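This report concerns only the one structure given below.
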Amino acid sequence: DYAHAELIEATLEMKELAKSIDWKRSWQEQLGELPTHHPTAENYYQTFGDVWTTSRQQAIDADLVTWPDFPIDFVPIPRSDRQASKALYYLYYRCPPPFGYHDSHQYFVPPCDPDMSPEEQEAVLRSTNDAQIKLNHVVRHAGLGHHDQNYNAFRAESRVGQMAGTDCAARGAMFCSGSLVEGWACYATELMEEIGALTPLQRLSEAQTRLRMAARAVADTAIHSGEFSIERAARFYRDEAGMPASAALAEAVKNSMFPGAAVMYLAGTAGIDELRRAMEEKEGADFSLK
């Protein structure tokens, strides 16, 4: 019931945002533009680092966090993994090994190499477009989201805390940590939107992400309570969250394999928002996002 109410609210907010951007076109039409905004094949790999540097400076200038000295290198998925990655839930960002110091960490990105055909390159560029690079790859994973969080987690006093969010072969080492780990990554994109670091179209994309986050919580709960079959969950994703058929089915299957895991995004973000409101009320004029 909670997730469904959040889904309704997120849907309304997305429609209102789309109307404020361009009242003549639906949110589906506007989001259809996202694949056309992408880097060139020549500067594709460099774009990840450029966006990371800009986003880092924006977060520092807005005094959001104490940004650690924890560099990251964006590299193409190794050739040894490329064929297998097409059929797997392949993680571009894996939590660095929690024990021991590492000078930098590699983040895998979809390859867009000169030896690929122009059609293959175009497909990669459209799917890994400007919004995907900034919102998902940089903010949510390689920067303010998971990467900065991991830096602090490694230095926690609790040894359990040090390893709790570590990504293993099949997602997190300890699902009980997921509400904080995934909640913070989603909250990080909200922060970047709050400081004006997103374009109007990126804001609309982020609004759809929030809608899908609520939809995942509904479907996850419904599948494991027996209310939804996998097929019905896939239809739900298509109808309510605007997912393509293949992505909708893949998400439903993933939900069936990890009971409760899709709830953590919504619950975690809501928990952090609630904590922030409580701290703002308690500290008043002394409140600092950092």
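Convention: chains lettered A, B, ... in structure tokens order; per-chain residue numbering from 1; ligands numbered from 1 as shown.
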
Got a sec: who's within 10 Å of Met213 in chain A, counting only C-alpha atoms, leaving out chain neighbours fewer than 2 positions off, as a list of chain:residue names?
->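 Counting only C-alpha atoms, the residues come to A:Ala3, A:Glu6, A:Leu7, A:Ala10, A:Cys186, A:Ala207, A:Gln208, A:Thr209, A:Arg210, A:Leu211, A:Ala215, A:Arg216, A:Ala217, A:Val218, A:Ala241, A:Ala262, A:Val263, A:Met264, A:Tyr265, A:Leu266, A:Ala267, A:Thr269.
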
What residues in range 67-145 of chain A get the DSSP label strand (DSSP E or B)? Please answer as a compact mmCIF listing (two decimals) with C-alpha atoms, in the first residue's frame.
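Output contents, as saved in result_21.txt:
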```txt
# COMPACT_ATOMS: atom_id res chain seq x y z
CA ILE A 72 38.28 6.37 -10.27
CA ASP A 73 39.27 5.32 -13.79
CA PHE A 74 36.65 4.67 -16.46
CA VAL A 75 37.73 1.79 -18.70
CA PRO A 76 35.89 -0.36 -21.26
CA HIS A 105 39.51 2.03 -8.80
CA GLN A 106 38.39 0.87 -12.24
CA TYR A 107 34.81 1.41 -13.39
CA PHE A 108 33.77 -0.62 -16.44
CA VAL A 109 31.77 1.13 -19.16
```

Neighbour list for Val160 in chain A as a list in words, cut-off 12 Å, only C-alpha atoms, skip fewer than 2 positions in-chain =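 Counting only C-alpha atoms, the residues come to Pro98, Phe99, Ala153, Phe154, Arg155, Ala156, Glu157, Ser158, Gln162, Met163, Ala164, Gly165, Thr166, Ala173, Met174, Cys176 and Ser177 of chain A.
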
Can you tell me, as JSON, numbers by chain, what residues are no more than 9 Å from range 34-43 of chain A when counting only C-alpha atoms, ignoring any on the same chain fewer than 6 positions away?
-> {"A": [112, 113, 114, 121, 122, 125, 126, 127, 128, 129, 130, 131, 132, 133, 201, 202, 205]}

For Ala59 in chain A, which of A:Thr221, A:Ser104, A:Thr189, A:Asn255 is the closest residue, counting only C-alpha atoms?
->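 Ranked by minimum distance to Ala59 in chain A, first place goes to A:Thr189.
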
Determine the nearest neighbour of Asp50 in chain A from the options A:Ala5, A:Lys134, A:Pro118, A:Asp63, counting only C-alpha atoms.
-> A:Lys134

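Minimum distance to His147 in chain A across A:Val124, A:Phe70, A:Leu180, A:Arg212 (counting only C-alpha atoms) occurs at A:Phe70.
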
Which is closer to Leu289 in chain A than all the others in A:Asn136, A:Ala188, A:Lys19, A:Ile230, using only C-alpha atoms?
->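 With only C-alpha atoms as the atom set, the closest residue is A:Ala188.
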
Contact residues around Gly242 in chain A with only C-alpha atoms at 12 Å, ignoring same-chain residues under 2 positions, as a list of chain:residue names | A:Thr11, A:Met14, A:Trp27, A:Gln28, A:Glu29, A:Leu31, A:Gly32, A:Ser205, A:Gln208, A:Thr209, A:Leu211, A:Arg212, A:Ala215, A:Ala234, A:Arg235, A:Phe236, A:Tyr237, A:Arg238, A:Asp239, A:Glu240, A:Pro244, A:Ala245, A:Ser246, A:Ala247, A:Ala248

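Of the listed residues (A:Asp81, A:Glu190, A:Glu251, A:Asp69), A:Glu190 comes nearest to Ile272 in chain A; the distances count only C-alpha atoms.
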
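CA of Cys95 in chain A is found 28.0 Å from CA of Gly196 in chain A.
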
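The residue that comes closest to Phe48 in chain A, out of A:Ala84, A:Ala62, A:Ala142, A:Leu91 and on the basis of only C-alpha atoms, is A:Ala142.
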
Find the spatial neighbours of Ser55 in chain A, counting only C-alpha atoms, within a cut-off of 10 Å - ignore same-chain residues fewer than 6 positions away - and output them as a list in words.
-> Gly49, Asp61, Lys134, Val138, Val139, Gly143, Leu144, Met192, Ala197 and Leu198 of chain A

Can you pull out every residue within 12 Å of Ser288 in chain A, counting only C-alpha atoms, but drop anything in the same chain fewer than 6 positions away, and send it as a PyMOL selection string?
-> chain A and resi 62-66+276-277+279-282

From range 34-283 of chain A, collect each residue whose DSSP state is helix (DSSP H, G or I) and return the set as number ranges by chain.
-> A: 34-36, 44-61, 79-85, 118-127, 130-142, 146-154, 159-163, 175-194, 200-224, 230-241, 245-257, 263-283
